[in-house]
file run26.txt (compact mmCIF, C-alpha atoms and all ligand atoms)
# COMPACT_ATOMS: atom_id res chain seq x y z
CA MET A 148 22.35 -8.64 -29.43
CA ALA A 149 19.86 -6.12 -28.16
CA SER A 150 16.12 -5.99 -27.75
CA GLN A 151 13.80 -3.37 -29.18
CA VAL A 152 11.72 -2.04 -26.31
CA ALA A 153 8.49 -0.04 -26.09
CA LEU A 154 6.25 0.87 -23.17
CA CYS A 155 2.59 1.36 -22.50
CA CYS A 156 1.28 2.27 -19.08
CA MET A 157 -2.40 2.57 -18.30
CA SER A 158 -4.77 2.87 -15.41
CA HIS A 159 -7.17 -0.02 -14.92
CA SER A 160 -10.57 0.02 -13.29
CA PRO A 161 -13.05 -2.62 -12.19
CA LEU A 162 -15.67 -0.18 -13.46
CA LEU A 163 -14.12 0.50 -16.89
CA HIS A 164 -16.81 -1.40 -18.78
CA ARG A 165 -19.48 -1.23 -16.09
CA ALA A 166 -20.11 2.34 -15.02
CA ASP A 167 -21.04 5.18 -17.35
CA PRO A 168 -18.45 7.96 -17.01
CA GLY A 169 -20.41 10.34 -19.31
CA ALA A 170 -20.41 10.32 -23.10
CA GLU A 171 -17.47 12.69 -23.56
CA THR A 172 -15.23 10.88 -21.12
CA ARG A 173 -16.18 7.52 -22.59
CA LYS A 174 -15.24 8.71 -26.04
CA ALA A 175 -11.95 10.26 -24.86
CA VAL A 176 -10.90 7.14 -22.91
CA ASP A 177 -11.92 4.77 -25.70
CA THR A 178 -9.91 6.84 -28.18
CA ALA A 179 -6.83 6.87 -25.92
CA LEU A 180 -7.07 3.12 -25.41
CA ALA A 181 -7.60 2.48 -29.13
CA GLU A 182 -4.50 4.57 -29.89
CA ALA A 183 -2.49 2.62 -27.32
CA ARG A 184 -3.71 -0.61 -28.91
CA ALA A 185 -2.66 0.63 -32.35
CA PHE A 186 0.77 1.55 -30.93
CA VAL A 187 1.13 -2.00 -29.58
CA ASP A 188 -0.12 -3.56 -32.84
CA GLU A 189 2.42 -1.62 -34.83
CA PHE A 190 5.25 -2.53 -32.45
CA ASP A 191 4.17 -6.18 -32.73
CA PRO A 192 5.77 -7.41 -29.49
CA GLU A 193 7.28 -10.88 -29.30
CA LEU A 194 7.17 -10.68 -25.52
CA VAL A 195 5.19 -8.61 -23.03
CA VAL A 196 6.50 -7.93 -19.53
CA ILE A 197 3.74 -6.50 -17.36
CA PHE A 198 4.04 -4.92 -13.92
CA GLY A 199 0.69 -4.97 -12.16
CA PRO A 200 -0.93 -5.08 -8.74
CA ASP A 201 -3.41 -7.53 -7.29
CA HIS A 202 -6.44 -6.75 -5.12
CA TYR A 203 -6.38 -9.78 -2.78
CA ALA A 204 -7.54 -12.10 -5.55
CA GLY A 205 -4.22 -13.87 -5.99
CA PHE A 206 -1.99 -12.56 -3.21
CA ARG A 207 -3.27 -12.57 0.36
CA TYR A 208 -1.71 -12.05 3.75
CA ARG A 209 -1.02 -15.74 4.26
CA LEU A 210 2.04 -14.88 2.22
CA MET A 211 2.33 -11.36 0.82
CA PRO A 212 5.51 -10.73 -1.15
CA PRO A 213 6.45 -7.18 -2.18
CA PHE A 214 7.21 -8.47 -5.69
CA CYS A 215 6.59 -11.75 -7.50
CA ILE A 216 7.42 -12.98 -11.01
CA GLY A 217 5.01 -15.54 -12.46
CA ALA A 218 6.51 -18.46 -14.40
CA SER A 219 3.00 -19.79 -14.92
CA ALA A 220 -0.14 -17.76 -14.35
CA SER A 221 -3.87 -17.61 -14.85
CA ALA A 222 -6.49 -14.93 -14.53
CA ILE A 223 -9.36 -15.19 -12.05
CA GLY A 224 -11.80 -13.28 -14.26
CA ASP A 225 -13.03 -10.65 -11.81
CA TYR A 226 -15.02 -7.52 -12.72
CA GLY A 227 -15.92 -8.78 -16.19
CA THR A 228 -12.38 -9.61 -17.25
CA GLU A 229 -11.36 -12.76 -19.06
CA SER A 230 -10.39 -15.83 -17.02
CA GLY A 231 -7.89 -18.51 -17.96
CA PRO A 232 -4.19 -19.13 -18.51
CA LEU A 233 -1.59 -16.68 -19.70
CA ASP A 234 1.01 -17.79 -22.22
CA VAL A 235 4.08 -17.44 -19.99
CA PRO A 236 7.38 -18.51 -21.58
CA GLN A 237 8.73 -20.51 -18.68
CA HIS A 238 12.42 -20.36 -19.52
CA VAL A 239 12.28 -16.57 -19.95
CA ALA A 240 10.51 -16.18 -16.59
CA ASP A 241 13.02 -18.52 -14.91
CA ASP A 242 15.95 -16.59 -16.36
CA LEU A 243 14.35 -13.29 -15.37
CA VAL A 244 13.97 -14.44 -11.76
CA GLY A 245 17.62 -15.53 -11.74
CA SER A 246 18.76 -12.25 -13.21
CA VAL A 247 16.74 -10.12 -10.76
CA LEU A 248 18.07 -12.17 -7.82
CA GLU A 249 21.58 -11.70 -9.20
CA ALA A 250 20.90 -7.95 -9.03
CA GLU A 251 20.29 -8.45 -5.28
CA LEU A 252 16.54 -7.90 -5.39
CA ASP A 253 14.86 -10.68 -3.44
CA VAL A 254 11.91 -11.22 -5.73
CA ALA A 255 9.46 -14.08 -5.14
CA MET A 256 8.57 -16.53 -7.88
CA SER A 257 5.26 -18.27 -8.51
CA GLU A 258 4.61 -21.36 -10.57
CA ARG A 259 0.87 -20.81 -10.13
CA MET A 260 0.27 -17.09 -10.05
CA THR A 261 -3.32 -15.90 -9.93
CA ILE A 262 -3.87 -12.50 -11.49
CA ASP A 263 -6.92 -10.25 -11.35
CA HIS A 264 -8.14 -7.26 -13.38
CA GLY A 265 -4.99 -5.36 -12.35
CA ILE A 266 -3.01 -7.39 -14.88
CA SER A 267 -5.66 -8.97 -17.10
CA GLN A 268 -7.48 -5.76 -18.05
CA PRO A 269 -4.48 -4.06 -19.72
CA LEU A 270 -3.61 -7.32 -21.51
CA GLU A 271 -7.15 -7.47 -22.90
CA VAL A 272 -7.23 -3.80 -23.82
CA LEU A 273 -3.78 -3.68 -25.41
CA LEU A 274 -3.51 -7.14 -26.96
CA GLY A 275 -7.11 -8.24 -27.49
CA SER A 276 -6.99 -11.07 -24.97
CA ILE A 277 -4.93 -12.28 -22.02
CA GLY A 278 -3.42 -15.15 -24.02
CA ALA A 279 -2.72 -13.25 -27.24
CA ARG A 280 1.06 -12.90 -26.74
CA PRO A 281 3.76 -14.47 -24.59
CA VAL A 282 3.77 -12.54 -21.33
CA VAL A 283 5.71 -12.51 -18.09
CA PRO A 284 3.57 -11.07 -15.27
CA ILE A 285 5.30 -9.25 -12.42
CA PHE A 286 3.22 -8.55 -9.34
CA ILE A 287 4.04 -5.41 -7.36
CA ASN A 288 2.22 -5.17 -4.06
CA SER A 289 0.47 -1.81 -4.17
CA VAL A 290 -2.40 -2.16 -1.69
CA ALA A 291 -1.44 -4.48 1.16
CA ALA A 292 0.21 -2.46 3.94
CA PRO A 293 2.98 -2.24 4.91
CA LEU A 294 4.55 -1.19 1.64
CA GLY A 295 8.29 -0.74 1.18
CA PRO A 296 9.85 2.41 -0.29
CA MET A 297 9.12 3.45 -3.88
CA ARG A 298 12.84 3.20 -4.59
CA ARG A 299 12.59 -0.59 -4.52
CA ALA A 300 10.01 -0.60 -7.30
CA ARG A 301 12.35 1.57 -9.37
CA LEU A 302 15.26 -0.79 -8.70
CA LEU A 303 13.12 -3.81 -9.58
CA GLY A 304 12.23 -2.14 -12.87
CA GLU A 305 15.89 -1.41 -13.57
CA ALA A 306 16.87 -5.03 -12.95
CA VAL A 307 14.05 -6.27 -15.20
CA GLY A 308 15.11 -3.81 -17.92
CA GLU A 309 18.70 -4.98 -17.78
CA PHE A 310 17.49 -8.53 -18.41
CA VAL A 311 15.07 -7.47 -21.14
CA ALA A 312 17.88 -5.67 -22.97
CA THR A 313 19.70 -8.99 -23.50
CA LEU A 314 16.82 -10.87 -25.14
CA ASP A 315 17.17 -9.83 -28.78
CA LYS A 316 13.39 -9.54 -29.05
CA ARG A 317 10.75 -6.87 -29.47
CA VAL A 318 9.60 -6.45 -25.87
CA LEU A 319 6.62 -4.42 -24.73
CA ILE A 320 6.79 -3.28 -21.11
CA VAL A 321 3.44 -2.55 -19.49
CA GLY A 322 2.63 -0.83 -16.20
CA SER A 323 -0.93 -1.06 -14.86
CA GLY A 324 -2.71 1.05 -12.25
CA GLY A 325 -3.13 4.44 -10.63
CA LEU A 326 -3.05 7.27 -10.72
CA SER A 327 -4.56 9.05 -7.69
CA HIS A 328 -7.46 7.01 -6.34
CA ASP A 329 -8.94 5.70 -3.17
CA PRO A 330 -11.27 2.85 -4.14
CA PRO A 331 -12.98 0.88 -1.36
CA VAL A 332 -10.25 -1.72 -0.83
CA PRO A 333 -10.31 -2.93 2.80
CA LYS A 334 -7.27 -2.73 5.09
CA LEU A 335 -6.18 -5.66 7.20
CA ARG A 336 -5.88 -3.83 10.53
CA THR A 337 -9.18 -1.98 10.30
CA ALA A 338 -11.32 -4.58 8.54
CA GLU A 339 -14.07 -6.51 10.29
CA ALA A 340 -13.09 -10.08 11.19
CA GLU A 341 -14.88 -11.69 8.26
CA VAL A 342 -13.30 -9.30 5.75
CA ALA A 343 -9.89 -9.71 7.39
CA GLU A 344 -10.22 -13.48 6.89
CA TYR A 345 -10.69 -12.86 3.18
CA LEU A 346 -7.62 -10.64 3.08
CA ILE A 347 -5.59 -13.33 4.81
CA ASP A 348 -6.65 -16.51 3.09
CA LYS A 349 -10.31 -16.98 2.22
CA GLN A 350 -11.67 -17.23 -1.32
CA ARG A 351 -15.02 -15.67 -2.14
CA THR A 352 -17.90 -17.76 -3.42
CA PRO A 353 -19.24 -16.61 -6.82
CA ALA A 354 -22.22 -15.04 -5.00
CA GLU A 355 -19.92 -13.18 -2.59
CA GLN A 356 -17.83 -11.95 -5.50
CA GLN A 357 -20.94 -10.72 -7.29
CA ARG A 358 -22.07 -8.85 -4.16
CA ARG A 359 -18.64 -7.30 -3.78
CA GLU A 360 -18.58 -6.18 -7.41
CA GLN A 361 -21.96 -4.52 -6.92
CA GLN A 362 -20.62 -2.72 -3.81
CA VAL A 363 -17.67 -1.37 -5.81
CA TYR A 364 -20.09 -0.18 -8.51
CA ASP A 365 -22.27 1.53 -5.89
CA ALA A 366 -19.20 3.15 -4.34
CA GLY A 367 -18.33 4.62 -7.76
CA GLN A 368 -21.84 6.03 -8.16
CA GLU A 369 -21.71 7.63 -4.70
CA PHE A 370 -18.27 9.03 -5.37
CA ALA A 371 -19.40 10.53 -8.68
CA GLN A 372 -22.30 12.20 -6.86
CA GLY A 373 -19.91 13.70 -4.32
CA ALA A 374 -21.48 11.71 -1.50
CA SER A 375 -18.54 9.59 -0.48
CA GLY A 376 -15.98 9.41 2.30
CA LEU A 377 -13.33 8.28 -0.17
CA LYS A 378 -10.40 10.64 -0.75
CA PRO A 379 -10.82 12.95 -3.74
CA LEU A 380 -8.87 12.45 -6.96
CA ASN A 381 -5.81 14.68 -7.24
CA PRO A 382 -5.18 15.87 -10.81
CA ASN A 383 -2.27 18.09 -9.67
CA LEU A 384 -0.43 15.12 -8.24
CA ASP A 385 -1.31 12.99 -11.26
CA ASN A 386 0.07 15.58 -13.66
CA GLU A 387 3.22 15.89 -11.58
CA ILE A 388 3.66 12.10 -11.76
CA LEU A 389 3.14 12.08 -15.54
CA ASP A 390 5.61 14.96 -15.98
CA LEU A 391 8.30 13.17 -13.96
CA LEU A 392 7.82 9.99 -15.98
CA ALA A 393 7.96 11.84 -19.30
CA ALA A 394 11.10 13.69 -18.17
CA GLY A 395 12.74 10.40 -17.16
CA ASP A 396 13.18 11.88 -13.69
CA LEU A 397 12.63 8.53 -12.03
CA HIS A 398 14.88 9.06 -9.01
CA ARG A 399 12.48 11.79 -7.87
CA PHE A 400 9.95 9.08 -7.05
CA ASP A 401 12.31 7.88 -4.31
CA GLU A 402 11.32 11.02 -2.38
CA PHE A 403 7.60 10.17 -2.33
CA THR A 404 6.92 8.41 0.95
CA VAL A 405 4.10 5.93 1.33
CA GLU A 406 2.44 8.15 3.95
CA TRP A 407 2.63 11.30 1.83
CA LEU A 408 1.30 9.56 -1.26
CA ASP A 409 -1.50 7.97 0.75
CA ALA A 410 -2.56 11.36 2.13
CA HIS A 411 -2.45 13.13 -1.24
CA GLY A 412 -3.34 10.40 -3.72
CA GLY A 413 -5.50 7.90 -1.80
CA GLY A 414 -4.99 4.31 -0.73
CA SER A 415 -4.44 2.91 -4.24
CA VAL A 416 -2.18 5.65 -5.64
CA HIS A 417 0.61 3.21 -4.79
CA GLU A 418 -0.24 1.37 -8.01
CA VAL A 419 1.93 4.08 -9.55
CA ARG A 420 4.78 1.79 -8.50
CA THR A 421 4.01 -0.26 -11.57
CA TRP A 422 4.49 2.83 -13.78
CA VAL A 423 7.78 3.68 -12.07
CA ALA A 424 9.03 0.10 -12.47
CA ALA A 425 7.95 -0.01 -16.14
CA HIS A 426 9.68 3.29 -16.92
CA ALA A 427 12.79 2.23 -15.00
CA ALA A 428 12.85 -0.99 -17.05
CA LEU A 429 12.61 0.98 -20.29
CA ALA A 430 15.26 3.45 -19.09
CA ALA A 431 17.63 0.58 -18.27
CA THR A 432 17.60 -0.35 -21.97
CA GLY A 433 18.53 3.19 -23.08
CA PRO A 434 17.10 6.72 -23.32
CA TYR A 435 13.37 6.94 -24.02
CA ARG A 436 10.78 9.35 -25.32
CA THR A 437 7.12 9.51 -24.27
CA THR A 438 5.08 9.44 -27.46
CA SER A 439 1.56 9.96 -26.07
CA THR A 440 -0.07 10.95 -22.81
CA PHE A 441 -3.75 10.88 -21.93
CA TYR A 442 -5.15 11.94 -18.57
CA GLU A 443 -8.62 12.51 -17.22
CA PRO A 444 -10.02 12.21 -13.70
CA VAL A 445 -13.03 9.86 -13.87
CA PRO A 446 -15.13 10.00 -10.69
CA ALA A 447 -17.54 7.21 -11.77
CA TRP A 448 -14.55 4.87 -11.86
CA ILE A 449 -12.96 6.45 -8.75
CA VAL A 450 -9.69 7.00 -10.59
CA GLY A 451 -7.40 9.51 -12.22
CA PHE A 452 -7.25 7.62 -15.52
CA ALA A 453 -4.06 7.86 -17.58
CA VAL A 454 -2.53 6.15 -20.60
CA THR A 455 0.97 6.74 -21.91
CA THR A 456 3.19 5.21 -24.56
CA ALA A 457 6.94 5.52 -24.92
CA VAL A 458 9.75 4.22 -27.10
CA SER A 459 13.48 3.84 -26.79
CA THR A 460 15.35 6.50 -28.73
O1 LIG B 501 -12.94 -6.96 -4.82
C1 LIG B 501 -12.39 -6.39 -3.87
O2 LIG B 501 -12.58 -6.59 -2.68
C2 LIG B 501 -11.39 -5.37 -4.11
C3 LIG B 501 -12.04 -4.21 -4.74
C4 LIG B 501 -11.32 -3.94 -5.94
O3 LIG B 501 -10.82 -4.86 -6.58
C5 LIG B 501 -11.19 -2.60 -6.31
C6 LIG B 501 -10.27 -2.36 -7.19
C7 LIG B 501 -10.03 -1.07 -7.66
C8 LIG B 501 -9.04 -0.92 -8.57
O4 LIG B 501 -8.42 -1.93 -9.13
C9 LIG B 501 -8.53 0.35 -8.94
O5 LIG B 501 -9.28 1.31 -8.97
O6 LIG B 501 -7.32 0.39 -9.19
FE FE B 502 -6.32 -1.40 -8.94

call {"tool": "encode", "arguments": {"input": "run26.txt", "output": "structure tokens", "more": "lines below"}}
Ligand SMILES: O=C(O)CCC(=O)/C=C/C=C(\O)C(=O)O
Ligand SMILES: [Fe+2]
result
Amino acid sequence: MASQVALCCMSHSPLLHRADPGAETRKAVDTALAEARAFVDEFDPELVVIFGPDHYAGFRYRLMPPFCIGASASAIGDYGTESGPLDVPQHVADDLVGSVLEAELDVAMSERMTIDHGISQPLEVLLGSIGARPVVPIFINSVAAPLGPMRRARLLGEAVGEFVATLDKRVLIVGSGGLSHDPPVPKLRTAEAEVAEYLIDKQRTPAEQQRREQQVYDAGQEFAQGASGLKPLNPNLDNEILDLLAAGDLHRFDEFTVEWLDAHGGGSVHEVRTWVAAHAALAATGPYRTTSTFYEPVPAWIVGFAVTTAVST
């Protein structure tokens, strides 16, 4: 018995519904996202497997795994996203963890995973709400240094795909994040003590969260006005990434080092790991074809914003 598998990868942004990117960009992004939603509606997934990052909302340095599969999860509701539980099919998540471990990838498991906009936003955009379909969330650390090699994200994806192939279900694989971008996410070793405490273990109060969200909005406005120390977006790199994914040339990502990507794509370009894992998962179920690609650099959101869909052939 085999599954039917489709893929949608998309950038997310805390500023997606908050900052005005200009009328033309808004229309283009909304159209791309509506088309992705229609693609998902038509596929009618029985299960969604989503690879996404976290931005110190759920995973902090008290214990920072490179990868974690959630067998039970809820969304924190940051940056205007929905809060509340996901509908995680526990036995599927348990079996997935077992299968990935069997493939010699030492993935962590959480029975109480907290997700942020990095996972909840694509679920809302593509499915209508975070609880609309059964979903297994897979966290890929993409911001908290040190990061392991890209190859491991590809291998994780492969192992997940091999499991997905056995389910005899319609499975949508989602990757969330990227592409080039350098949003103001603090770094443990350079952060002030109070911020470092947050990165390690501390929760924000609602007022602190609100202040932080305003700071991220302000950073986007500065960036859009060209008055920012953040690294520029890199459309050349982003197009190269999209071309490699569409060509199924996933091994090439093994050559991208963390340092090189950081220098050319900014501190959060590593969210592309979720795209690599998602494509590797799809590829593990058979050959695939990319059916749509949207890309536009959006300074007001501090991100090279992309959306792609793909199907098994
Ligand atoms: O709230 C924080 O401290 C982290 C800031 C943050 O969440 C920024 C996130 C940016 C993205 O998710 C992105 O552009 O990918
Ligand atoms: Fe992000």

call {"tool": "closest_atom_pairs", "arguments": {"input": "run26.txt", "of": "stretch 358-427 of chain A", "to": "stretch 276-292 of chain A", "cutoff": "12 Å", "atoms": "only C-alpha atoms", "output": "Markdown table"}}
result
| residue | atom | partner | partner_atom | distance |
| --- | --- | --- | --- | --- |
| A:Val405 | CA | A:Ala292 | CA | 9.6 |
| A:Glu406 | CA | A:Ala292 | CA | 10.8 |
| A:Leu408 | CA | A:Ser289 | CA | 11.8 |
| A:Asp409 | CA | A:Val290 | CA | 10.5 |
| A:Gly413 | CA | A:Val290 | CA | 10.5 |
| A:Gly414 | CA | A:Val290 | CA | 7.0 |
| A:Ser415 | CA | A:Val290 | CA | 6.0 |
| A:Val416 | CA | A:Ser289 | CA | 8.1 |
| A:His417 | CA | A:Ser289 | CA | 5.1 |
| A:Glu418 | CA | A:Ser289 | CA | 5.0 |
| A:Val419 | CA | A:Ser289 | CA | 8.1 |
| A:Arg420 | CA | A:Ser289 | CA | 7.1 |
| A:Thr421 | CA | A:Ile287 | CA | 6.7 |
| A:Trp422 | CA | A:Ile287 | CA | 10.5 |
| A:Val423 | CA | A:Ile287 | CA | 10.9 |
| A:Ala424 | CA | A:Ile287 | CA | 9.0 |
| A:Ala425 | CA | A:Ile285 | CA | 10.3 |

call {"tool": "closest_residue", "arguments": {"input": "run26.txt", "among": "A:Cys155, A:Val239, A:Ile262, A:Leu248", "to": "ligand FE 502 (chain B)", "atoms": "all atoms listed in the file"}}
result
A:Ile262

call {"tool": "closest_atom_pairs", "arguments": {"input": "run26.txt", "of": "chain A", "to": "ligand FE 502 (chain B)", "cutoff": "10 Å", "atoms": "all atoms listed in the file", "output": "tab-separated table"}}
result
residue	atom	partner	partner_atom	distance
A:Ser158	CA	B:FE502	FE	7.9
A:His159	CA	B:FE502	FE	6.2
A:Ser160	CA	B:FE502	FE	6.2
A:Pro161	CA	B:FE502	FE	7.6
A:Gly199	CA	B:FE502	FE	8.5
A:Pro200	CA	B:FE502	FE	6.5
A:Asp201	CA	B:FE502	FE	7.0
A:His202	CA	B:FE502	FE	6.6
A:Asp263	CA	B:FE502	FE	9.2
A:His264	CA	B:FE502	FE	7.6
A:Gly265	CA	B:FE502	FE	5.4
A:Ile266	CA	B:FE502	FE	9.1
A:Ser289	CA	B:FE502	FE	8.3
A:Val290	CA	B:FE502	FE	8.3
A:Ser323	CA	B:FE502	FE	8.0
A:Gly324	CA	B:FE502	FE	5.5
A:Gly325	CA	B:FE502	FE	6.9
A:Leu326	CA	B:FE502	FE	9.4
A:His328	CA	B:FE502	FE	8.9
A:Asp329	CA	B:FE502	FE	9.5
A:Pro330	CA	B:FE502	FE	8.1
A:Val332	CA	B:FE502	FE	9.0
A:Ser415	CA	B:FE502	FE	6.6
A:Val416	CA	B:FE502	FE	8.8
A:His417	CA	B:FE502	FE	9.3
A:Glu418	CA	B:FE502	FE	6.7
A:Val419	CA	B:FE502	FE	9.9
A:Val450	CA	B:FE502	FE	9.2

call {"tool": "closest_residue", "arguments": {"input": "run26.txt", "among": "A:Leu314, A:Met297, A:Met157, A:Ala204", "to": "ligand LIG 501 (chain B)", "atoms": "only C-alpha atoms and all ligand atoms"}}
result
A:Ala204

call {"tool": "axis_aligned_box", "arguments": {"input": "run26.txt", "around": "ligand LIG 501 (chain B)", "padding_each_side": "4 Å", "output": "AutoDock Vina command-line options"}}
result
--center_x -10.1 --center_y -2.8 --center_z -5.9 --size_x 13.6 --size_y 16.3 --size_z 14.5

call {"tool": "residues_around", "arguments": {"input": "run26.txt", "residues": "A:Ala179", "least_positions_apart": "2", "cutoff": "10 Å", "atoms": "all atoms listed in the file", "output": "MDAnalysis selection string"}}
result
chainID A and resid 157 173:177 181:185 439:442 453:455

call {"tool": "residues_around", "arguments": {"input": "run26.txt", "residues": "stretch 346-357 of chain A", "least_positions_apart": "6", "cutoff": "12 Å", "atoms": "only C-alpha atoms", "output": "JSON, numbers by chain"}}
result
{"A": [201, 202, 203, 204, 205, 206, 207, 208, 209, 210, 211, 223, 224, 225, 226, 227, 290, 291, 292, 332, 333, 334, 335, 336, 337, 338, 339, 340, 363, 364]}

call {"tool": "residues_around", "arguments": {"input": "run26.txt", "residues": "stretch 302-304 of chain A", "least_positions_apart": "6", "cutoff": "12 Å", "atoms": "all atoms listed in the file", "output": "PDB file with C-alpha atoms, keeping the file's coordinate frame"}}
result
ATOM      1  CA  VAL A 196       6.500  -7.930 -19.530  1.00  0.00           C
ATOM      2  CA  ILE A 197       3.740  -6.500 -17.360  1.00  0.00           C
ATOM      3  CA  PHE A 198       4.040  -4.920 -13.920  1.00  0.00           C
ATOM      4  CA  GLY A 199       0.690  -4.970 -12.160  1.00  0.00           C
ATOM      5  CA  PRO A 213       6.450  -7.180  -2.180  1.00  0.00           C
ATOM      6  CA  PHE A 214       7.210  -8.470  -5.690  1.00  0.00           C
ATOM      7  CA  CYS A 215       6.590 -11.750  -7.500  1.00  0.00           C
ATOM      8  CA  ILE A 216       7.420 -12.980 -11.010  1.00  0.00           C
ATOM      9  CA  LEU A 243      14.350 -13.290 -15.370  1.00  0.00           C
ATOM     10  CA  VAL A 244      13.970 -14.440 -11.760  1.00  0.00           C
ATOM     11  CA  SER A 246      18.760 -12.250 -13.210  1.00  0.00           C
ATOM     12  CA  VAL A 247      16.740 -10.120 -10.760  1.00  0.00           C
ATOM     13  CA  LEU A 248      18.070 -12.170  -7.820  1.00  0.00           C
ATOM     14  CA  GLU A 249      21.580 -11.700  -9.200  1.00  0.00           C
ATOM     15  CA  ALA A 250      20.900  -7.950  -9.030  1.00  0.00           C
ATOM     16  CA  GLU A 251      20.290  -8.450  -5.280  1.00  0.00           C
ATOM     17  CA  LEU A 252      16.540  -7.900  -5.390  1.00  0.00           C
ATOM     18  CA  ASP A 253      14.860 -10.680  -3.440  1.00  0.00           C
ATOM     19  CA  VAL A 254      11.910 -11.220  -5.730  1.00  0.00           C
ATOM     20  CA  ALA A 255       9.460 -14.080  -5.140  1.00  0.00           C
ATOM     21  CA  ILE A 285       5.300  -9.250 -12.420  1.00  0.00           C
ATOM     22  CA  PHE A 286       3.220  -8.550  -9.340  1.00  0.00           C
ATOM     23  CA  ILE A 287       4.040  -5.410  -7.360  1.00  0.00           C
ATOM     24  CA  PRO A 296       9.850   2.410  -0.290  1.00  0.00           C
ATOM     25  CA  PHE A 310      17.490  -8.530 -18.410  1.00  0.00           C
ATOM     26  CA  VAL A 311      15.070  -7.470 -21.140  1.00  0.00           C
ATOM     27  CA  ILE A 320       6.790  -3.280 -21.110  1.00  0.00           C
ATOM     28  CA  VAL A 321       3.440  -2.550 -19.490  1.00  0.00           C
ATOM     29  CA  GLY A 322       2.630  -0.830 -16.200  1.00  0.00           C
ATOM     30  CA  LEU A 397      12.630   8.530 -12.030  1.00  0.00           C
ATOM     31  CA  HIS A 398      14.880   9.060  -9.010  1.00  0.00           C
ATOM     32  CA  PHE A 400       9.950   9.080  -7.050  1.00  0.00           C
ATOM     33  CA  ASP A 401      12.310   7.880  -4.310  1.00  0.00           C
ATOM     34  CA  ARG A 420       4.780   1.790  -8.500  1.00  0.00           C
ATOM     35  CA  THR A 421       4.010  -0.260 -11.570  1.00  0.00           C
ATOM     36  CA  TRP A 422       4.490   2.830 -13.780  1.00  0.00           C
ATOM     37  CA  VAL A 423       7.780   3.680 -12.070  1.00  0.00           C
ATOM     38  CA  ALA A 424       9.030   0.100 -12.470  1.00  0.00           C
ATOM     39  CA  ALA A 425       7.950  -0.010 -16.140  1.00  0.00           C
ATOM     40  CA  HIS A 426       9.680   3.290 -16.920  1.00  0.00           C
ATOM     41  CA  ALA A 427      12.790   2.230 -15.000  1.00  0.00           C
ATOM     42  CA  ALA A 428      12.850  -0.990 -17.050  1.00  0.00           C
ATOM     43  CA  LEU A 429      12.610   0.980 -20.290  1.00  0.00           C
ATOM     44  CA  ALA A 430      15.260   3.450 -19.090  1.00  0.00           C
ATOM     45  CA  ALA A 431      17.630   0.580 -18.270  1.00  0.00           C
ATOM     46  CA  THR A 432      17.600  -0.350 -21.970  1.00  0.00           C
TER      47      THR A 432
END

call {"tool": "closest_residue", "arguments": {"input": "run26.txt", "among": "A:Ala374, A:Ala306, A:Met260, A:Val445", "to": "ligand LIG 501 (chain B)", "atoms": "all atoms listed in the file"}}
result
A:Val445

call {"tool": "atom_distance", "arguments": {"input": "run26.txt", "atom1": "atom CA of A:Tyr345", "atom2": "atom CA of A:Arg358"}}
result
14.1 Å

call {"tool": "closest_residue", "arguments": {"input": "run26.txt", "among": "A:Gln237, A:Thr456, A:Thr228, A:Asn383", "to": "ligand LIG 501 (chain B)", "atoms": "only C-alpha atoms and all ligand atoms"}}
result
A:Thr228

call {"tool": "closest_residue", "arguments": {"input": "run26.txt", "among": "A:Thr437, A:Gln151, A:Thr261, A:Gln268", "to": "A:Leu163", "atoms": "all atoms listed in the file"}}
result
A:Gln268

call {"tool": "residues_around", "arguments": {"input": "run26.txt", "residues": "A:Ser219", "least_positions_apart": "5", "cutoff": "6 Å", "atoms": "only C-alpha atoms", "output": "list in words"}}
result
Val235, Glu258 and Arg259 of chain A

call {"tool": "decode", "arguments": {"input": "run26.txt", "residues": "stretch 416-421 of chain A", "atoms": "N, CA, C and O atoms", "output": "compact mmCIF listing (two decimals), in the first residue's frame"}}
result
# COMPACT_ATOMS: atom_id res chain seq x y z
N VAL A 416 18.33 32.47 7.03
CA VAL A 416 18.27 31.71 5.77
C VAL A 416 18.25 30.21 6.07
O VAL A 416 17.78 29.40 5.27
N HIS A 417 18.74 29.85 7.27
CA HIS A 417 18.82 28.43 7.62
C HIS A 417 17.44 27.77 7.71
O HIS A 417 17.35 26.56 7.77
N GLU A 418 16.39 28.59 7.73
CA GLU A 418 15.04 28.01 7.67
C GLU A 418 14.82 27.23 6.38
O GLU A 418 13.88 26.43 6.29
N VAL A 419 15.68 27.45 5.41
CA VAL A 419 15.62 26.69 4.16
C VAL A 419 15.79 25.19 4.42
O VAL A 419 15.40 24.35 3.60
N ARG A 420 16.35 24.87 5.57
CA ARG A 420 16.44 23.45 5.97
C ARG A 420 15.08 22.77 5.91
O ARG A 420 14.98 21.58 5.61
N THR A 421 14.05 23.51 6.26
CA THR A 421 12.71 22.91 6.26
C THR A 421 12.26 22.58 4.83
O THR A 421 11.56 21.60 4.60
